[in-house]
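Structure file final_15.txt (compact mmCIF, C-alpha atoms and all ligand atoms) follows.
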# COMPACT_ATOMS: atom_id res chain seq x y z
CA MET A 1 23.17 50.39 28.82
CA ARG A 2 21.13 52.92 26.81
CA ILE A 3 20.33 52.34 23.15
CA LYS A 4 19.20 55.20 20.91
CA PHE A 5 16.47 53.95 18.60
CA SER A 6 13.87 55.09 16.09
CA LYS A 7 10.69 53.20 15.33
CA TYR A 8 9.17 53.01 11.84
CA HIS A 9 6.41 51.05 10.14
CA GLY A 10 5.64 49.88 6.63
CA LEU A 11 1.86 49.45 6.40
CA GLY A 12 1.74 48.40 10.06
CA ASN A 13 4.72 46.01 9.97
CA ASP A 14 6.71 47.79 12.70
CA PHE A 15 10.43 47.89 13.37
CA ILE A 16 12.96 49.30 15.80
CA LEU A 17 15.99 50.78 14.04
CA THR A 18 19.37 51.49 15.54
CA ARG A 19 23.06 51.60 14.56
CA TYR A 20 24.81 48.22 14.62
CA ILE A 21 26.31 47.49 18.05
CA GLU A 22 29.46 45.34 18.32
CA GLY A 23 30.07 42.86 21.15
CA ILE A 24 26.58 42.41 22.55
CA ASP A 25 24.11 39.51 22.63
CA ILE A 26 21.92 40.75 19.76
CA PRO A 27 19.12 38.09 19.91
CA THR A 28 18.57 38.84 23.62
CA LEU A 29 18.50 42.60 22.98
CA VAL A 30 16.05 42.11 20.08
CA GLN A 31 13.66 40.05 22.23
CA ALA A 32 13.78 42.67 25.01
CA CYS A 33 13.22 45.65 22.67
CA CYS A 34 10.50 43.96 20.58
CA SER A 35 8.42 42.77 23.55
CA ARG A 36 4.97 44.41 23.30
CA HIS A 37 4.61 44.50 27.09
CA THR A 38 8.05 45.10 28.58
CA GLY A 39 9.90 46.63 25.63
CA ILE A 40 9.28 49.15 22.86
CA GLY A 41 7.23 46.60 20.93
CA ALA A 42 7.83 45.66 17.28
CA ASP A 43 7.64 42.85 14.73
CA GLY A 44 11.39 43.04 14.17
CA MET A 45 14.59 44.98 14.78
CA ILE A 46 16.97 46.40 12.19
CA PHE A 47 20.63 47.22 12.78
CA VAL A 48 22.23 49.68 10.37
CA LYS A 49 25.83 49.12 9.26
CA GLU A 50 27.65 51.70 7.14
CA ASP A 51 30.40 51.45 4.49
CA PRO A 52 28.97 49.49 2.83
CA LEU A 53 25.39 50.21 3.83
CA GLU A 54 23.90 46.99 5.24
CA MET A 55 20.56 46.04 6.77
CA VAL A 56 20.95 43.45 9.55
CA TYR A 57 17.43 42.12 10.24
CA TYR A 58 16.11 40.17 13.24
CA ASN A 59 12.60 38.86 13.86
CA GLN A 60 10.75 39.67 17.11
CA ASN A 61 11.82 36.30 18.61
CA GLY A 62 15.52 37.05 18.10
CA SER A 63 16.01 34.88 14.98
CA ARG A 64 17.94 36.34 12.04
CA ALA A 65 16.17 36.61 8.66
CA PRO A 66 17.84 37.18 5.28
CA MET A 67 15.61 40.08 4.21
CA CYS A 68 12.51 42.08 5.06
CA GLY A 69 10.53 43.91 2.38
CA ASN A 70 8.73 46.37 4.62
CA GLY A 71 11.89 46.61 6.70
CA ILE A 72 14.10 47.71 3.82
CA ARG A 73 11.73 50.61 3.05
CA CYS A 74 11.93 51.64 6.73
CA PHE A 75 15.73 51.19 6.58
CA ALA A 76 15.85 53.60 3.60
CA ALA A 77 13.64 56.12 5.44
CA TYR A 78 15.86 55.91 8.55
CA CYS A 79 19.02 56.41 6.46
CA PHE A 80 17.38 59.41 4.75
CA ASP A 81 16.16 60.97 8.04
CA GLU A 82 19.53 60.44 9.77
CA GLY A 83 21.46 61.81 6.79
CA ILE A 84 23.28 58.46 6.40
CA ASN A 85 22.30 58.26 2.73
CA THR A 86 20.00 60.70 0.91
CA ASP A 87 20.76 59.50 -2.64
CA GLU A 88 17.99 58.70 -5.11
CA VAL A 89 19.37 55.22 -5.72
CA VAL A 90 20.66 53.36 -2.68
CA PRO A 91 22.33 49.91 -2.81
CA VAL A 92 21.69 47.99 0.42
CA GLN A 93 23.55 44.82 1.41
CA THR A 94 21.43 42.07 2.97
CA LEU A 95 21.88 38.36 3.69
CA ALA A 96 19.81 37.80 0.52
CA GLY A 97 22.24 39.85 -1.59
CA GLU A 98 22.34 43.48 -2.62
CA LYS A 99 18.97 45.19 -3.05
CA ILE A 100 18.66 48.52 -4.88
CA VAL A 101 16.25 51.06 -3.39
CA HIS A 102 14.90 53.84 -5.65
CA LEU A 103 13.56 56.94 -3.92
CA ILE A 104 10.15 57.98 -5.26
CA SER A 105 9.08 60.70 -2.79
CA THR A 106 10.22 61.96 0.60
CA SER A 107 6.93 63.33 1.90
CA PRO A 108 5.23 60.92 2.17
CA PHE A 109 8.30 58.68 2.06
CA GLU A 110 7.93 56.10 -0.69
CA VAL A 111 10.45 53.87 -2.45
CA CYS A 112 10.57 51.18 -5.11
CA VAL A 113 12.81 48.24 -4.21
CA ASP A 114 14.38 45.92 -6.77
CA MET A 115 13.78 42.59 -5.01
CA GLU A 116 15.63 40.61 -7.71
CA GLN A 117 14.26 37.26 -8.88
CA PRO A 118 12.29 34.54 -7.10
CA LEU A 119 14.31 31.34 -6.68
CA TYR A 120 13.03 27.78 -6.55
CA ASP A 121 16.03 25.87 -5.12
CA ASN A 122 15.06 23.62 -2.20
CA HIS A 123 18.27 24.30 -0.32
CA LEU A 124 17.44 28.02 -0.15
CA ILE A 125 14.22 27.27 1.67
CA ASP A 126 15.80 24.52 3.76
CA VAL A 127 13.73 21.67 2.39
CA ASP A 128 15.20 18.25 1.43
CA GLU A 129 16.30 18.12 -2.22
CA HIS A 130 13.90 15.28 -3.22
CA GLU A 131 10.77 17.09 -2.01
CA ASN A 132 8.58 18.82 -4.61
CA VAL A 133 7.49 22.07 -2.97
CA TRP A 134 5.89 23.62 -6.05
CA LYS A 135 2.31 22.60 -5.36
CA ARG A 136 2.16 20.05 -2.62
CA GLU A 137 -0.18 19.36 0.26
CA VAL A 138 0.91 20.59 3.67
CA CYS A 139 -1.48 20.46 6.65
CA GLY A 140 -4.32 19.45 4.31
CA VAL A 141 -4.06 22.39 1.86
CA ASP A 142 -2.27 22.98 -1.47
CA THR A 143 0.86 25.10 -0.97
CA TYR A 144 3.55 26.65 -3.20
CA SER A 145 6.97 27.40 -1.71
CA LEU A 146 9.78 29.56 -3.04
CA PHE A 147 12.61 31.86 -2.02
CA MET A 148 11.64 35.49 -2.57
CA ALA A 149 14.49 37.16 -0.65
CA THR A 150 13.43 34.87 2.20
CA THR A 151 11.45 31.63 2.57
CA HIS A 152 7.79 31.84 1.58
CA THR A 153 4.84 29.49 1.23
CA VAL A 154 1.63 30.54 -0.47
CA VAL A 155 -1.92 29.25 0.07
CA PHE A 156 -4.99 30.34 -1.92
CA VAL A 157 -8.09 30.98 0.19
CA ASP A 158 -11.57 32.54 -0.10
CA ASP A 159 -11.00 34.94 2.81
CA ALA A 160 -7.43 36.09 3.50
CA PHE A 161 -8.27 37.59 6.89
CA SER A 162 -10.25 34.60 8.20
CA GLU A 163 -9.43 33.71 11.83
CA LYS A 164 -8.90 30.09 10.67
CA ASN A 165 -5.72 31.18 8.87
CA VAL A 166 -3.98 32.10 12.11
CA GLU A 167 -3.76 28.51 13.37
CA LEU A 168 -3.26 27.07 9.89
CA GLY A 169 -0.41 29.54 9.31
CA ARG A 170 1.25 28.51 12.57
CA ARG A 171 0.98 24.82 11.66
CA ILE A 172 2.38 25.24 8.12
CA CYS A 173 5.17 27.50 9.42
CA HIS A 174 6.26 24.80 11.87
CA ASP A 175 5.70 21.79 9.57
CA PRO A 176 8.80 19.53 9.71
CA LEU A 177 9.08 19.80 5.89
CA PHE A 178 10.60 23.25 6.45
CA LYS A 179 13.74 22.69 8.51
CA LYS A 180 14.05 26.39 9.36
CA GLN A 181 10.29 27.13 9.21
CA THR A 182 8.57 29.23 6.53
CA ASN A 183 6.58 32.45 6.22
CA VAL A 184 3.00 31.62 5.17
CA ASN A 185 0.89 33.88 2.92
CA PHE A 186 -2.88 33.52 2.57
CA ILE A 187 -3.97 34.94 -0.79
CA GLN A 188 -7.46 35.91 -1.81
CA VAL A 189 -7.65 36.76 -5.51
CA ILE A 190 -9.96 39.75 -6.04
CA ASP A 191 -9.45 40.20 -9.79
CA ASP A 192 -6.51 39.96 -12.21
CA THR A 193 -4.80 43.07 -10.83
CA HIS A 194 -5.75 42.89 -7.13
CA ILE A 195 -5.14 40.36 -4.38
CA THR A 196 -5.59 40.52 -0.61
CA VAL A 197 -2.90 38.89 1.53
CA MET A 198 -2.46 38.04 5.20
CA THR A 199 0.89 36.62 6.34
CA TYR A 200 1.86 34.42 9.26
CA GLU A 201 5.51 35.33 9.70
CA ARG A 202 8.25 33.04 10.90
CA GLY A 203 9.68 34.43 14.13
CA CYS A 204 6.73 36.70 14.76
CA GLY A 205 3.27 35.32 13.92
CA ILE A 206 0.53 37.24 12.09
CA THR A 207 1.65 40.71 10.97
CA LEU A 208 -0.31 43.56 9.41
CA ALA A 209 1.81 43.37 6.24
CA CYS A 210 4.76 41.46 4.78
CA GLY A 211 6.68 42.96 1.85
CA THR A 212 8.57 39.86 0.71
CA GLY A 213 5.30 37.93 1.23
CA ALA A 214 3.43 40.35 -1.04
CA CYS A 215 6.11 39.79 -3.72
CA ALA A 216 6.02 36.00 -3.31
CA SER A 217 2.21 36.06 -3.52
CA VAL A 218 2.14 37.99 -6.79
CA VAL A 219 4.91 35.81 -8.27
CA VAL A 220 2.92 32.63 -7.56
CA ALA A 221 -0.47 34.09 -8.56
CA ASN A 222 1.06 35.40 -11.81
CA LYS A 223 2.79 32.07 -12.60
CA LEU A 224 -0.57 30.31 -12.15
CA GLY A 225 -2.29 32.84 -14.44
CA PHE A 226 -4.55 34.37 -11.76
CA VAL A 227 -3.12 37.90 -12.00
CA GLN A 228 -1.21 40.09 -14.43
CA SER A 229 2.45 40.95 -13.91
CA GLU A 230 1.53 44.25 -12.25
CA CYS A 231 -0.68 43.75 -9.22
CA GLU A 232 -1.88 45.68 -6.18
CA VAL A 233 -1.58 43.73 -2.94
CA GLN A 234 -4.14 44.82 -0.39
CA LEU A 235 -3.09 44.49 3.23
CA LYS A 236 -4.83 45.44 6.47
CA LEU A 237 -3.66 49.10 6.43
CA GLY A 238 -3.02 49.84 2.77
CA SER A 239 -1.48 48.40 -0.34
CA LEU A 240 1.81 47.63 -2.10
CA LYS A 241 2.38 47.75 -5.86
CA ILE A 242 4.23 44.65 -7.06
CA GLU A 243 5.60 44.27 -10.58
CA VAL A 244 6.98 40.99 -11.93
CA LYS A 245 9.36 41.86 -14.79
CA ASP A 246 13.05 40.95 -15.28
CA HIS A 247 13.12 41.29 -11.50
CA VAL A 248 10.35 41.72 -8.94
CA TYR A 249 9.75 45.35 -7.90
CA MET A 250 7.95 46.45 -4.74
CA THR A 251 6.69 50.01 -4.29
CA GLY A 252 5.35 51.26 -0.98
CA PRO A 253 5.62 53.65 1.97
CA ALA A 254 7.59 53.84 5.21
CA LYS A 255 6.74 56.10 8.14
CA LYS A 256 8.54 57.18 11.29
CA ILE A 257 6.57 56.63 14.52
CA CYS A 258 8.91 57.85 17.28
CA GLU A 259 12.43 57.90 18.62
CA GLY A 260 13.96 57.48 22.06
CA GLU A 261 16.36 55.59 24.30
CA PHE A 262 15.87 52.00 25.42
CA VAL A 263 17.26 51.33 28.88
CA CYS A 264 18.54 47.81 29.50
N1 LIG B 301 8.11 41.33 7.49
C1 LIG B 301 9.01 40.97 6.50
C2 LIG B 301 9.68 39.63 6.53
C3 LIG B 301 10.53 39.43 7.81
C4 LIG B 301 11.35 38.17 7.84
C5 LIG B 301 10.55 36.91 8.00
N2 LIG B 301 9.74 36.88 9.19
C6 LIG B 301 11.50 35.70 7.94
O1 LIG B 301 11.84 35.11 8.98
O2 LIG B 301 11.89 35.35 6.83
C7 LIG B 301 8.74 41.56 5.14
O3 LIG B 301 8.10 42.62 5.09
O4 LIG B 301 9.22 41.03 4.15

Let me see the structure of the file written as structure tokens.
Ligand SMILES: N[C@@H](CCC[C@H](N)C(=O)O)C(=O)O
Amino acid sequence: MRIKFSKYHGLGNDFILTRYIEGIDIPTLVQACCSRHTGIGADGMIFVKEDPLEMVYYNQNGSRAPMCGNGIRCFAAYCFDEGINTDEVVPVQTLAGEKIVHLISTSPFEVCVDMEQPLYDNHLIDVDEHENVWKREVCGVDTYSLFMATTHTVVFVDDAFSEKNVELGRRICHDPLFKKQTNVNFIQVIDDTHITVMTYERGCGITLACGTGACASVVVANKLGFVQSECEVQLKLGSLKIEVKDHVYMTGPAKKICEGEFVC
């Protein structure tokens, strides 16, 4: 079988994009394509469905995730490049509901995504109802968990990129409190309009950027009074603008890397 693909990245969070394929074992295909050694290599894989336009997102390890912030910007860029949808306002269906993408510029490609509201229901993050996940200790540190288009946990640290956070992120992600694991964001507050974030992603491990994680981080930091409602999130390769208003808005780039055929 040959699969036509394009590869994109959003601030180093990289994805393989292709049209949705019926009747195949998708998790196995995703693992094969995303392998850094024997595949194309990526943090995740996105399948594009049309009428209505839908982003079907899988993590590198073949697990399905409800949404991906950097992924949806790459999805919009792919749809624009392929002529699937070149509108200025694009509604995209996801497992976390419809997300509206607003085109800001095409060269460089940049969009603002309406990420809707953060939610604090335990069942959405697959934690038992009686557990209090808004400030609790997990693996010896204070954490804050919420649903920001997907499951997120936030930890405040002095150095977001510290090597220590890799193992701590893995342990929090796999803590039995979270029945379906959690994404873990390490936040370093720089000042009241800037934070630095490193994310340990469920289904993938440390990534160079996480869009939903950047949103979750600003939501929590803003709720605790550390930052204003408009905040720049600094990541390894650049930054995202996050605004917490009626909804949470994420503005950032997406870039095409290459295209080709995967033989499997
Ligand atoms: N990289 C993403 C999030 C991808 C999904 C996540 N790993 C999960 O399992 O929820 C982003 O940019 O938001």

Query raised in the report: Which protein, DNA or RNA residues have an atom within 8 Å of ligand LIG 301 (chain B), counting all atoms listed in the file, as number ranges by chain?
Result: A: 10, 13, 43-44, 57-59, 63-72, 150-152, 182-183, 201-204, 207, 209-214

**Report entry** Nearest candidate to A:Ile100 (options A:Leu224, A:Glu22, A:Ala76, A:Phe161; using only C-alpha atoms)
**Finding:**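 Nearest candidate to A:Ile100 out of A:Leu224, A:Glu22, A:Ala76, A:Phe161: A:Ala76.
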
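Counting from atom CA of A:Val113, the distance to atom CA of A:His194 is 19.5 Å.
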
Sort by chain and increasing residue number a table of all residues of stretch 137-224 of chain A within 12 Å of stretch 233-243 of chain A, each with its closest pair of atoms and their distance in Å to one decimal, counting only C-alpha atoms, and write it as JSON lines.
{"residue": "A:Ala160", "atom": "CA", "partner": "A:Leu235", "partner_atom": "CA", "distance": 9.5}
{"residue": "A:Phe161", "atom": "CA", "partner": "A:Lys236", "partner_atom": "CA", "distance": 8.6}
{"residue": "A:Asn185", "atom": "CA", "partner": "A:Leu235", "partner_atom": "CA", "distance": 11.3}
{"residue": "A:Phe186", "atom": "CA", "partner": "A:Leu235", "partner_atom": "CA", "distance": 11.0}
{"residue": "A:Ile187", "atom": "CA", "partner": "A:Val233", "partner_atom": "CA", "distance": 9.4}
{"residue": "A:Gln188", "atom": "CA", "partner": "A:Gln234", "partner_atom": "CA", "distance": 9.6}
{"residue": "A:Val189", "atom": "CA", "partner": "A:Val233", "partner_atom": "CA", "distance": 9.6}
{"residue": "A:Ile190", "atom": "CA", "partner": "A:Gln234", "partner_atom": "CA", "distance": 9.6}
{"residue": "A:Asp191", "atom": "CA", "partner": "A:Val233", "partner_atom": "CA", "distance": 11.0}
{"residue": "A:Asp192", "atom": "CA", "partner": "A:Val233", "partner_atom": "CA", "distance": 11.2}
{"residue": "A:Thr193", "atom": "CA", "partner": "A:Val233", "partner_atom": "CA", "distance": 8.5}
{"residue": "A:His194", "atom": "CA", "partner": "A:Val233", "partner_atom": "CA", "distance": 6.0}
{"residue": "A:Ile195", "atom": "CA", "partner": "A:Val233", "partner_atom": "CA", "distance": 5.1}
{"residue": "A:Thr196", "atom": "CA", "partner": "A:Gln234", "partner_atom": "CA", "distance": 4.5}
{"residue": "A:Val197", "atom": "CA", "partner": "A:Leu235", "partner_atom": "CA", "distance": 5.9}
{"residue": "A:Met198", "atom": "CA", "partner": "A:Leu235", "partner_atom": "CA", "distance": 6.8}
{"residue": "A:Thr199", "atom": "CA", "partner": "A:Leu235", "partner_atom": "CA", "distance": 9.4}
{"residue": "A:Ile206", "atom": "CA", "partner": "A:Lys236", "partner_atom": "CA", "distance": 11.3}
{"residue": "A:Thr207", "atom": "CA", "partner": "A:Lys236", "partner_atom": "CA", "distance": 9.2}
{"residue": "A:Leu208", "atom": "CA", "partner": "A:Lys236", "partner_atom": "CA", "distance": 5.7}
{"residue": "A:Ala209", "atom": "CA", "partner": "A:Leu235", "partner_atom": "CA", "distance": 5.9}
{"residue": "A:Cys210", "atom": "CA", "partner": "A:Leu235", "partner_atom": "CA", "distance": 8.6}
{"residue": "A:Gly211", "atom": "CA", "partner": "A:Leu240", "partner_atom": "CA", "distance": 7.8}
{"residue": "A:Thr212", "atom": "CA", "partner": "A:Ile242", "partner_atom": "CA", "distance": 10.1}
{"residue": "A:Gly213", "atom": "CA", "partner": "A:Val233", "partner_atom": "CA", "distance": 9.9}
{"residue": "A:Ala214", "atom": "CA", "partner": "A:Val233", "partner_atom": "CA", "distance": 6.3}
{"residue": "A:Cys215", "atom": "CA", "partner": "A:Ile242", "partner_atom": "CA", "distance": 6.2}
{"residue": "A:Ala216", "atom": "CA", "partner": "A:Ile242", "partner_atom": "CA", "distance": 9.6}
{"residue": "A:Ser217", "atom": "CA", "partner": "A:Val233", "partner_atom": "CA", "distance": 8.6}
{"residue": "A:Val218", "atom": "CA", "partner": "A:Ile242", "partner_atom": "CA", "distance": 7.0}
{"residue": "A:Val219", "atom": "CA", "partner": "A:Glu243", "partner_atom": "CA", "distance": 8.8}
{"residue": "A:Ala221", "atom": "CA", "partner": "A:Val233", "partner_atom": "CA", "distance": 11.2}
{"residue": "A:Asn222", "atom": "CA", "partner": "A:Glu243", "partner_atom": "CA", "distance": 10.0}

Query - Residue with smallest distance to A:Gln228 - pool A:Lys245, A:Lys99, A:Asp128, A:Cys79, counting all atoms listed in the file - result: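 Ranked by minimum distance to A:Gln228, first place goes to A:Lys245.
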
Requested in this report: Between atom CA of A:His247 and atom CA of A:Val154, measure the distance and give it in Å to one decimal.
Outcome: 19.2 Å

Query raised in the report: Could you pull the residues within 12 Å of A:Lys164, counting all atoms listed in the file, minus those fewer than 5 positions along the same chain, as number ranges by chain?
Result: A: 157-159, 169-171, 186, 198, 200, 206

Report task. For A:Ser107, please output as a ChimeraX atom specification all residues within 10 Å (counting only C-alpha atoms; exclusion window: fewer than 2 positions along the same chain). Result -> /A:104-105,109-110,253,255

Take the residues just selected and output them with C-alpha atoms as a short mmCIF file (atom, residue, chain, number, x, y, z; two decimals), in the coordinates of the input.
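Written output follows (out_7.cif):
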data_model
loop_
_atom_site.label_atom_id
_atom_site.label_comp_id
_atom_site.auth_asym_id
_atom_site.auth_seq_id
_atom_site.Cartn_x
_atom_site.Cartn_y
_atom_site.Cartn_z
CA ILE A 104 10.15 57.98 -5.26
CA SER A 105 9.08 60.70 -2.79
CA PHE A 109 8.30 58.68 2.06
CA GLU A 110 7.93 56.10 -0.69
CA PRO A 253 5.62 53.65 1.97
CA LYS A 255 6.74 56.10 8.14
#

Requested in this report: For the point (15.4, 42.0, -7.1) in the file's frame, write as a VMD selection string all residues with an atom no more than 6 Å away, counting all atoms listed in the file.
Outcome: chain A and resid 114 to 117 247 to 248

Report summary line: Using all atoms listed in the file, the best pick from A:Asn165, A:Thr18, A:Gln181, A:Ser6 as closest to A:Thr153 would be A:Gln181

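Counting from atom CA of A:Val166, the distance to atom CA of A:Asp142 is 16.4 Å.
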